[in-house]
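As stored in my_file_7.cif (mmCIF, C-alpha atoms and all ligand atoms):
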data_target
#
loop_
_atom_site.label_atom_id
_atom_site.label_comp_id
_atom_site.auth_asym_id
_atom_site.auth_seq_id
_atom_site.Cartn_x
_atom_site.Cartn_y
_atom_site.Cartn_z
CA MET A 4 74.13 -57.92 4.54
CA ILE A 5 76.74 -55.21 5.12
CA ASN A 6 79.93 -55.71 3.11
CA VAL A 7 82.87 -54.68 5.27
CA GLY A 8 86.49 -53.88 4.54
CA VAL A 9 89.35 -53.66 7.02
CA LEU A 10 92.38 -51.49 6.25
CA GLY A 11 95.44 -52.58 8.23
CA PHE A 12 95.78 -56.25 9.04
CA GLY A 13 97.99 -56.19 12.13
CA GLY A 14 96.81 -56.92 15.66
CA LEU A 15 93.52 -55.06 15.47
CA GLY A 16 92.81 -55.75 11.80
CA GLN A 17 93.09 -59.52 12.26
CA ALA A 18 91.04 -59.41 15.47
CA ALA A 19 88.38 -57.42 13.57
CA ALA A 20 88.28 -60.07 10.85
CA ARG A 21 87.95 -62.87 13.41
CA LEU A 22 85.16 -61.01 15.21
CA LEU A 23 83.22 -60.71 11.92
CA GLU A 24 83.31 -64.49 11.47
CA GLY A 25 80.66 -64.76 14.19
CA LYS A 26 78.33 -62.15 12.64
CA THR A 27 75.42 -62.68 10.27
CA GLU A 28 74.72 -59.01 9.46
CA MET A 29 78.24 -58.20 8.29
CA ARG A 30 80.85 -60.03 6.25
CA LEU A 31 84.48 -59.30 5.44
CA VAL A 32 84.93 -58.80 1.69
CA ALA A 33 88.10 -56.68 1.59
CA ALA A 34 91.27 -56.26 3.63
CA ALA A 35 94.59 -54.53 3.04
CA ASP A 36 98.03 -54.30 4.58
CA GLN A 37 101.02 -52.24 3.53
CA GLN A 38 102.11 -54.64 0.77
CA GLY A 39 98.88 -55.85 -0.73
CA TYR A 40 95.19 -56.57 -0.41
CA ALA A 41 92.61 -59.34 -0.66
CA TYR A 42 89.15 -58.87 -2.13
CA HIS A 43 86.28 -61.28 -2.65
CA PRO A 44 82.75 -59.91 -3.08
CA GLU A 45 81.21 -63.05 -1.62
CA GLY A 46 83.28 -62.97 1.56
CA LEU A 47 86.90 -63.72 2.41
CA ASP A 48 88.02 -66.84 4.29
CA VAL A 49 89.26 -65.20 7.51
CA ALA A 50 91.43 -68.13 8.66
CA ALA A 51 93.14 -68.23 5.25
CA CYS A 52 93.71 -64.43 5.35
CA CYS A 53 95.27 -64.57 8.84
CA GLY A 54 97.41 -67.59 7.88
CA VAL A 55 98.76 -65.97 4.72
CA TYR A 56 99.45 -62.67 6.51
CA GLN A 57 101.30 -64.38 9.37
CA ASN A 58 103.29 -66.81 7.23
CA GLN A 59 103.99 -64.76 4.12
CA GLY A 60 103.78 -61.21 5.43
CA SER A 61 100.93 -59.92 3.24
CA LEU A 62 97.31 -60.59 2.30
CA GLY A 63 98.44 -60.06 -1.27
CA HIS A 64 99.68 -63.68 -1.31
CA LEU A 65 96.17 -65.08 -0.77
CA PRO A 66 95.47 -67.54 -3.60
CA HIS A 67 92.89 -66.29 -6.18
CA TYR A 68 91.85 -63.18 -4.23
CA GLY A 69 95.15 -61.56 -3.19
CA VAL A 70 97.07 -58.82 -5.02
CA ILE A 71 100.56 -57.58 -4.14
CA THR A 72 100.78 -53.81 -4.67
CA PRO A 73 102.51 -50.86 -2.99
CA THR A 74 99.29 -48.83 -3.40
CA SER A 75 96.99 -51.31 -1.64
CA ILE A 76 94.54 -48.76 -0.18
CA ALA A 77 93.95 -46.90 -3.45
CA ASP A 78 93.69 -50.15 -5.44
CA LEU A 79 91.23 -51.66 -3.00
CA ILE A 80 89.05 -48.51 -2.93
CA ALA A 81 88.87 -48.73 -6.74
CA GLN A 82 87.39 -52.26 -6.53
CA GLY A 83 84.13 -50.92 -5.04
CA GLY A 84 81.63 -53.32 -3.48
CA VAL A 85 82.36 -52.26 0.13
CA ASP A 86 79.70 -50.51 2.24
CA GLY A 87 82.02 -49.54 5.09
CA TYR A 88 85.65 -49.76 6.15
CA PHE A 89 87.20 -50.09 9.59
CA LEU A 90 90.52 -48.23 9.44
CA ALA A 91 92.75 -50.39 11.70
CA LEU A 92 95.79 -48.49 10.47
CA PRO A 93 98.68 -46.97 12.40
CA ASN A 94 98.37 -43.21 12.67
CA LEU A 95 102.06 -42.76 11.97
CA PRO A 96 102.79 -40.01 11.06
CA ASN A 97 100.11 -38.13 13.00
CA THR A 98 98.54 -37.00 9.70
CA PHE A 99 98.18 -40.50 8.24
CA MET A 100 94.50 -41.14 9.01
CA ALA A 101 93.51 -37.76 7.56
CA SER A 102 95.50 -38.59 4.42
CA VAL A 103 93.60 -41.89 4.08
CA ALA A 104 90.29 -40.02 4.33
CA GLU A 105 91.59 -37.70 1.57
CA GLN A 106 92.29 -40.76 -0.59
CA PHE A 107 88.70 -41.98 -0.22
CA MET A 108 87.35 -38.54 -1.18
CA ALA A 109 89.73 -38.21 -4.13
CA ALA A 110 88.54 -41.59 -5.43
CA GLY A 111 84.90 -40.46 -5.34
CA TRP A 112 84.08 -43.31 -2.94
CA ARG A 113 80.81 -43.10 -1.00
CA GLY A 114 80.11 -45.08 2.17
CA VAL A 115 81.02 -45.30 5.85
CA LEU A 116 84.49 -45.05 7.42
CA VAL A 117 85.26 -45.83 11.07
CA ASP A 118 88.53 -45.22 12.90
CA ALA A 119 89.88 -45.93 16.39
CA LEU A 120 92.03 -42.81 16.40
CA LYS A 121 93.58 -41.76 19.69
CA ARG A 122 95.35 -38.39 19.55
CA THR A 123 93.45 -35.12 19.95
CA SER A 124 95.57 -33.36 17.31
CA ALA A 125 94.88 -36.17 14.79
CA MET A 126 91.13 -35.98 15.39
CA GLU A 127 91.18 -32.19 14.97
CA GLN A 128 92.45 -32.73 11.42
CA LEU A 129 89.49 -34.98 10.64
CA ILE A 130 86.98 -32.67 12.26
CA SER A 131 88.20 -29.85 10.01
CA MET A 132 87.38 -32.10 7.01
CA GLY A 133 83.74 -32.65 8.10
CA ASP A 134 82.07 -30.45 5.45
CA ARG A 135 84.14 -31.97 2.66
CA LEU A 136 83.37 -35.51 3.84
CA GLN A 137 79.69 -34.62 3.84
CA ALA A 138 79.87 -33.18 0.32
CA ALA A 139 81.73 -36.32 -0.81
CA GLY A 140 78.96 -38.61 0.46
CA ILE A 141 81.00 -40.17 3.27
CA THR A 142 79.75 -40.80 6.80
CA TYR A 143 82.91 -40.81 8.90
CA MET A 144 82.77 -42.08 12.50
CA THR A 145 85.91 -41.10 14.44
CA GLY A 146 87.32 -42.23 17.80
CA CYS A 147 85.32 -45.46 17.84
CA GLY A 148 87.67 -47.86 19.69
CA ALA A 149 87.83 -48.41 23.48
CA THR A 150 89.37 -45.09 24.55
CA PRO A 151 88.45 -43.00 22.76
CA GLY A 152 85.25 -44.87 21.96
CA LEU A 153 83.42 -47.16 24.34
CA LEU A 154 84.57 -45.31 27.48
CA THR A 155 83.88 -41.87 25.99
CA ALA A 156 80.36 -42.91 25.03
CA ALA A 157 79.84 -44.36 28.54
CA ALA A 158 80.92 -40.99 29.97
CA VAL A 159 78.25 -39.22 27.90
CA ILE A 160 75.57 -41.56 29.25
CA ALA A 161 76.81 -41.22 32.84
CA ALA A 162 76.89 -37.42 32.52
CA GLN A 163 73.08 -37.39 32.15
CA SER A 164 72.67 -37.70 35.95
CA TYR A 165 74.46 -34.42 36.53
CA ALA A 166 73.79 -30.75 36.02
CA GLU A 167 77.51 -30.08 35.78
CA ILE A 168 80.52 -32.33 35.19
CA ASP A 169 83.59 -31.79 37.39
CA HIS A 170 85.89 -34.43 36.00
CA VAL A 171 86.01 -37.40 33.64
CA LYS A 172 88.89 -39.71 34.50
CA ILE A 173 89.75 -42.58 32.16
CA THR A 174 92.20 -45.21 33.41
CA PHE A 175 93.06 -48.14 31.19
CA GLY A 176 94.84 -51.41 31.78
CA VAL A 177 96.07 -53.35 28.77
CA GLY A 178 97.78 -56.73 28.84
CA ILE A 179 99.26 -58.26 25.69
CA ALA A 180 101.44 -61.36 25.46
CA ASN A 181 104.00 -59.76 23.16
CA TRP A 182 104.36 -56.25 21.76
CA GLU A 183 104.96 -57.43 18.19
CA ALA A 184 101.29 -58.39 17.85
CA TYR A 185 100.40 -54.68 18.20
CA ARG A 186 103.42 -52.76 16.94
CA ALA A 187 101.59 -49.54 16.02
CA THR A 188 99.63 -49.45 19.28
CA ILE A 189 102.83 -49.81 21.32
CA ARG A 190 104.79 -47.27 19.22
CA GLU A 191 101.95 -44.77 19.57
CA ASP A 192 101.89 -45.40 23.35
CA ILE A 193 105.65 -44.81 23.57
CA ALA A 194 105.05 -41.52 21.72
CA HIS A 195 103.04 -40.36 24.78
CA MET A 196 105.93 -40.97 27.21
CA PRO A 197 107.84 -37.94 28.54
CA GLY A 198 110.74 -37.15 26.20
CA TYR A 199 109.15 -38.93 23.21
CA SER A 200 107.05 -37.75 20.27
CA VAL A 201 105.14 -39.33 17.38
CA GLU A 202 108.11 -38.65 15.07
CA LYS A 203 110.61 -40.14 17.51
CA ALA A 204 108.51 -43.26 18.16
CA GLN A 205 107.90 -43.78 14.43
CA ALA A 206 111.64 -43.56 13.73
CA MET A 207 112.54 -46.20 16.35
CA SER A 208 113.58 -49.60 14.98
CA ASP A 209 111.95 -52.75 16.36
CA ALA A 210 115.23 -53.46 18.23
CA GLU A 211 115.11 -50.00 19.84
CA VAL A 212 111.48 -50.50 20.92
CA GLU A 213 112.46 -53.90 22.33
CA ALA A 214 115.41 -52.37 24.25
CA LEU A 215 113.23 -49.61 25.70
CA LEU A 216 110.56 -52.11 26.78
CA ASN A 217 113.29 -54.24 28.40
CA GLN A 218 114.48 -51.24 30.41
CA MET A 219 110.90 -50.80 31.68
CA HIS A 220 110.44 -54.54 32.34
CA GLY A 221 107.75 -54.58 29.67
CA ILE A 222 105.54 -52.04 31.44
CA ILE A 223 104.51 -48.68 29.94
CA THR A 224 102.97 -46.25 32.43
CA LEU A 225 101.12 -43.30 30.91
CA GLU A 226 99.68 -40.16 32.51
CA ASN A 227 97.88 -37.08 31.21
CA MET A 228 97.91 -38.39 27.67
CA GLU A 229 96.93 -36.32 24.64
CA HIS A 230 93.77 -38.36 24.05
CA ALA A 231 90.82 -37.25 21.93
CA ASP A 232 88.29 -38.23 24.62
CA ASP A 233 88.77 -34.62 25.80
CA LEU A 234 87.89 -33.06 22.46
CA MET A 235 84.98 -35.47 21.89
CA LEU A 236 83.42 -34.75 25.29
CA GLU A 237 83.88 -31.01 24.76
CA LEU A 238 82.20 -31.19 21.33
CA ALA A 239 79.36 -33.25 22.83
CA GLY A 240 78.82 -30.45 25.36
CA VAL A 241 79.59 -32.65 28.38
CA CYS A 242 82.48 -30.58 29.79
CA SER A 243 85.47 -28.53 28.72
CA ARG A 244 88.44 -30.58 27.61
CA ASP A 245 90.61 -29.59 30.59
CA ARG A 246 88.26 -31.61 32.83
CA VAL A 247 89.10 -34.89 31.04
CA THR A 248 92.18 -36.91 31.96
CA VAL A 249 93.44 -40.16 30.45
CA GLY A 250 96.18 -42.48 31.67
CA GLY A 251 96.91 -46.16 32.03
CA ILE A 252 99.30 -49.06 32.25
CA VAL A 253 100.26 -51.36 29.38
CA ASP A 254 101.92 -54.68 30.17
CA THR A 255 103.59 -55.90 26.96
CA ARG A 256 104.55 -59.30 28.36
CA ASN A 257 101.40 -60.61 29.98
CA PRO A 258 97.88 -60.92 28.55
CA LYS A 259 96.46 -60.32 32.05
CA LYS A 260 95.38 -56.71 32.53
CA PRO A 261 97.58 -54.83 35.03
CA LEU A 262 94.49 -52.95 36.26
CA SER A 263 90.79 -52.80 35.46
CA THR A 264 89.96 -50.32 32.70
CA ASN A 265 87.42 -47.80 33.92
CA VAL A 266 85.97 -44.35 33.49
CA GLN A 267 84.90 -42.24 36.45
CA ILE A 268 82.47 -39.38 35.87
CA THR A 269 82.24 -36.95 38.76
CA GLY A 270 79.58 -34.28 38.72
CA ARG A 271 77.02 -32.28 40.65
CA THR A 272 73.32 -33.11 40.44
CA PHE A 273 70.61 -30.49 40.08
CA GLU A 274 70.01 -30.87 43.85
CA GLY A 275 73.61 -29.89 44.58
CA LYS A 276 74.99 -33.36 45.46
CA THR A 277 78.42 -34.34 44.18
CA SER A 278 78.85 -37.95 43.13
CA THR A 279 80.90 -40.27 40.92
CA HIS A 280 79.63 -42.88 38.46
CA THR A 281 82.14 -45.59 37.54
CA PHE A 282 81.95 -47.83 34.49
CA THR A 283 84.45 -50.69 34.64
CA LEU A 284 85.20 -53.13 31.84
CA GLY A 285 85.38 -56.82 32.67
CA ASP A 286 89.00 -57.91 33.19
CA GLU A 287 88.54 -60.87 30.84
CA THR A 288 87.76 -58.58 27.89
CA SER A 289 90.81 -57.94 25.72
CA MET A 290 91.85 -54.67 24.10
CA ALA A 291 90.90 -56.26 20.76
CA ALA A 292 87.37 -57.06 21.97
CA ASN A 293 86.88 -53.58 23.43
CA VAL A 294 88.14 -51.82 20.29
CA CYS A 295 86.77 -53.98 17.44
CA GLY A 296 83.32 -54.55 19.01
CA PRO A 297 82.57 -50.82 19.30
CA ALA A 298 84.17 -50.11 15.90
CA PHE A 299 81.64 -52.38 14.18
CA GLY A 300 78.81 -51.10 16.40
CA TYR A 301 79.59 -47.62 15.13
CA LEU A 302 79.97 -48.92 11.59
CA LYS A 303 76.42 -50.27 11.76
CA ALA A 304 75.18 -46.95 13.17
CA GLY A 305 77.06 -45.16 10.38
CA ILE A 306 75.48 -47.37 7.72
CA ASN A 307 72.02 -46.49 9.03
CA LEU A 308 72.86 -42.78 8.99
CA HIS A 309 74.29 -43.07 5.48
CA ARG A 310 71.21 -44.90 4.18
CA ARG A 311 69.07 -42.08 5.54
CA GLY A 312 71.23 -39.53 3.73
CA THR A 313 73.20 -38.28 6.74
CA MET A 314 76.87 -37.78 5.86
CA GLY A 315 79.79 -35.92 7.39
CA LEU A 316 81.90 -36.44 10.48
CA PHE A 317 80.64 -37.82 13.80
CA THR A 318 82.46 -38.82 16.97
CA ALA A 319 81.72 -41.81 19.19
CA ALA A 320 80.45 -39.35 21.80
CA GLU A 321 77.52 -38.11 19.69
CA ILE A 322 76.12 -41.32 18.17
CA MET A 323 74.96 -44.48 19.95
CA PRO A 324 76.68 -47.63 18.61
CA GLN A 325 74.31 -50.35 17.38
CA PHE A 326 74.75 -53.99 18.27
CA VAL A 327 75.85 -56.12 15.34
CA CYS A 328 74.10 -59.49 15.14
P1 LIG A 401 99.73 -53.07 13.79
O1 LIG A 401 101.08 -52.44 13.78
O2 LIG A 401 99.57 -54.40 14.46
O3 LIG A 401 99.20 -53.25 12.28
C1 LIG A 401 99.19 -52.20 11.37
C2 LIG A 401 98.72 -52.74 10.00
O4 LIG A 401 98.58 -51.63 9.10
C3 LIG A 401 99.68 -53.72 9.34
O5 LIG A 401 98.95 -54.76 8.72
C4 LIG A 401 100.36 -52.87 8.25
O6 LIG A 401 100.79 -53.64 7.13
C5 LIG A 401 99.21 -51.95 7.87
N1 LIG A 401 99.67 -50.73 7.21
C6 LIG A 401 100.62 -49.85 7.63
N2 LIG A 401 100.76 -48.86 6.71
C7 LIG A 401 99.88 -49.14 5.70
C8 LIG A 401 99.58 -48.50 4.45
N3 LIG A 401 100.19 -47.39 4.07
N4 LIG A 401 98.64 -49.08 3.66
C9 LIG A 401 97.99 -50.20 4.03
N5 LIG A 401 98.24 -50.85 5.20
C10 LIG A 401 99.18 -50.31 6.01
O7 LIG A 401 98.69 -51.99 14.37
P2 LIG A 401 97.69 -52.18 15.63
O8 LIG A 401 98.51 -52.35 16.86
O9 LIG A 401 96.65 -53.16 15.26
O10 LIG A 401 97.03 -50.69 15.76
C11 LIG A 401 96.22 -50.09 14.78
C12 LIG A 401 95.74 -48.73 15.27
O11 LIG A 401 94.73 -48.89 16.27
C13 LIG A 401 96.81 -47.85 15.93
O12 LIG A 401 96.77 -46.57 15.36
C14 LIG A 401 96.41 -47.79 17.37
O13 LIG A 401 96.76 -46.59 18.02
C15 LIG A 401 94.91 -47.93 17.29
N6 LIG A 401 94.32 -48.38 18.57
C16 LIG A 401 93.26 -47.69 19.07
C17 LIG A 401 92.70 -48.07 20.30
C18 LIG A 401 91.51 -47.33 20.86
O14 LIG A 401 90.99 -47.75 21.89
N7 LIG A 401 91.04 -46.26 20.27
C19 LIG A 401 93.23 -49.15 21.00
C20 LIG A 401 94.28 -49.85 20.45
C21 LIG A 401 94.82 -49.46 19.23
#
In structure tokens, what does this structure look like?
Ligand code: NAD
Amino acid sequence: MINVGVLGFGGLGQAAARLLEGKTEMRLVAAADQQGYAYHPEGLDVAACCGVYQNQGSLGHLPHYGVITPTSIADLIAQGGVDGYFLALPNLPNTFMASVAEQFMAAGWRGVLVDALKRTSAMEQLISMGDRLQAAGITYMTGCGATPGLLTAAAVIAAQSYAEIDHVKITFGVGIANWEAYRATIREDIAHMPGYSVEKAQAMSDAEVEALLNQMHGIITLENMEHADDLMLELAGVCSRDRVTVGGIVDTRNPKKPLSTNVQITGRTFEGKTSTHTFTLGDETSMAANVCGPAFGYLKAGINLHRRGTMGLFTAAEIMPQFVC
């Protein structure tokens, strides 16, 4: 049994917890939000955790197992008893995820960490910490959501047919019923819009986000995003980062996807033929399913690496995720 923790209990964190309910190889023993945490070494009641978070604003209110604290991450790390954490945290500011990794190292914690980080510049910070993570006894899997993540890994597999890669084009469609279920995701998407930045999006109030979304009729259209798929594919030796493009459409008012999420890998075979492989996600699969599924698949792969003594930093483009039963 793999004892799992989830840091961040918003849209993705709660979806991750619900996904784990159906698994026999992993169980949720720890979860934290900004105001508190819940910890139970024999497994948390996921429905109770989601109910308390939604009705009272923090996991810290969970009877018997909840603790209200402004230092929830540090306090939860100190409890021990967790083999691996999924970091379903906002990366706001752009250095936040790296600072969380620092906290784990400073605490002397050993185990597996998985993130679903999106920005290239944020992943570069983690990559520069690789040697220190290794020395600390941490196996850190970065970029393990949908994009980066599932689609980046699919691009690596597709690239095997080619002698040279011309272009990797990722196009995503996301439909969510209301933006408040995924506040960090939407703020970070706004940060990619022309005229916006991470700092500007982080400083926006909920009312300002709401007003901006109203102006756009709930639709965010994104092109040429700063997405770490480029860096990951470059590091994996697939192609230089300037050959990778990422864009998409997010509908914040409708759970139906505005377009089918796909990755197209165009390359030239050893015989000189140019062709394109396309990997398209099923329209019925939600963002939560396509992020949390891979995150735990990479967590399982990370646990196996860690048990064999392999630590340090890995991206979703260099390790195969393992299916969690
Ligand atoms: P959210 O806003 O719904 O929830 C964030 C959670 O983090 C909340 O529970 C909040 O209390 C908690 N939190 C914030 N600061 C904290 C702190 N200092 N200590 C402890 N907890 C803290 O977020 P979301 O929409 O679920 O997104 C989470 C992340 O996932 C975002 O960074 C987003 O970009 C990323 N994401 C990645 C992909 C991908 O495919 N790679 C897709 C979607 C989202």
- Return as a PyMOL selection string the residues of protein, DNA or RNA that approach ligand LIG 401 (chain A) to within 8 Å, with all atoms listed in the file taken into account. chain A and resi 10-17+35-39+61+73-76+90-95+118-121+146-153+183-189+191-192+290-291+293-294
- Message: At a cut-off of 12 Å around the point (66.8, -27.9, 39.0) (file coordinates), what residues fall inside when counting all atoms listed in the file? I'd like the answer as a list in words.
- Response: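 Within 12 Å of (66.8, -27.9, 39.0), the protein and nucleic acid residues are Ser164, Tyr165, Ala166, Glu167, Arg271, Thr272, Phe273, Glu274, Gly275 and Lys276 of chain A.
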Distance query Val327 (chain A) at most 12 Å, all atoms listed in the file, self and fewer than 2 positions along chain excluded, as a JSON list (two decimals) with C-alpha atoms, keeping the file's coordinate frame:
[["chain", "number", "residue", "atom", "x", "y", "z"],
["A", 4, "MET", "CA", 74.13, -57.92, 4.54],
["A", 5, "ILE", "CA", 76.74, -55.21, 5.12],
["A", 22, "LEU", "CA", 85.16, -61.01, 15.21],
["A", 23, "LEU", "CA", 83.22, -60.71, 11.92],
["A", 24, "GLU", "CA", 83.31, -64.49, 11.47],
["A", 25, "GLY", "CA", 80.66, -64.76, 14.19],
["A", 26, "LYS", "CA", 78.33, -62.15, 12.64],
["A", 27, "THR", "CA", 75.42, -62.68, 10.27],
["A", 28, "GLU", "CA", 74.72, -59.01, 9.46],
["A", 29, "MET", "CA", 78.24, -58.20, 8.29],
["A", 30, "ARG", "CA", 80.85, -60.03, 6.25],
["A", 295, "CYS", "CA", 86.77, -53.98, 17.44],
["A", 296, "GLY", "CA", 83.32, -54.55, 19.01],
["A", 297, "PRO", "CA", 82.57, -50.82, 19.30],
["A", 298, "ALA", "CA", 84.17, -50.11, 15.90],
["A", 299, "PHE", "CA", 81.64, -52.38, 14.18],
["A", 300, "GLY", "CA", 78.81, -51.10, 16.40],
["A", 301, "TYR", "CA", 79.59, -47.62, 15.13],
["A", 302, "LEU", "CA", 79.97, -48.92, 11.59],
["A", 303, "LYS", "CA", 76.42, -50.27, 11.76],
["A", 304, "ALA", "CA", 75.18, -46.95, 13.17],
["A", 306, "ILE", "CA", 75.48, -47.37, 7.72],
["A", 324, "PRO", "CA", 76.68, -47.63, 18.61],
["A", 325, "GLN", "CA", 74.31, -50.35, 17.38]]
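Closest approach to Gln267 (chain A) from the set A:Tyr56, A:Met314, A:Ile71, A:Ala161 is made by A:Ala161, with distances taken over all atoms listed in the file.
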- Task: Point out the residue among A:Val70, A:Leu234, A:Ala18, A:Ala77 with the least atom-to-atom distance to Val49 (chain A), counting all atoms listed in the file.
- Result: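 Closest residue, counting all atoms listed in the file: A:Ala18.
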- Query: Any idea what's packed within 7 Å of region 98-106 of chain A, counting all atoms listed in the file, ignoring anything in its chain fewer than 2 positions away? Could you give it as a PyMOL selection string?
  - Reply: chain A and resi 77+94-96+108-110+125+128-129
- Message: I need the residue nearest Met132 (chain A) from this list: A:Thr283, A:Gly251, A:Phe317, A:Lys203. Use only C-alpha atoms for the distance.
- Response: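 The shortest atom-to-atom distance to Met132 (chain A) comes from A:Phe317.
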- Task: Enter the distance from CA of Gly140 (chain A) to CA of Thr155 (chain A), in Å, rounded to one decimal.
- Result: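 Between CA of Gly140 (chain A) and CA of Thr155 (chain A) the gap is 26.2 Å.
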- Message: Quick one: residues within 9 Å of Thr313 (chain A), only C-alpha atoms, excluding same-chain residues fewer than 2 positions away - as a list in words?
- Response: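 Listing them by chain and then by number gives Gln137, Gly140, Ile141, Thr142, Gly305, Asn307, Leu308, His309, Arg310, Arg311 and Gly315 of chain A.
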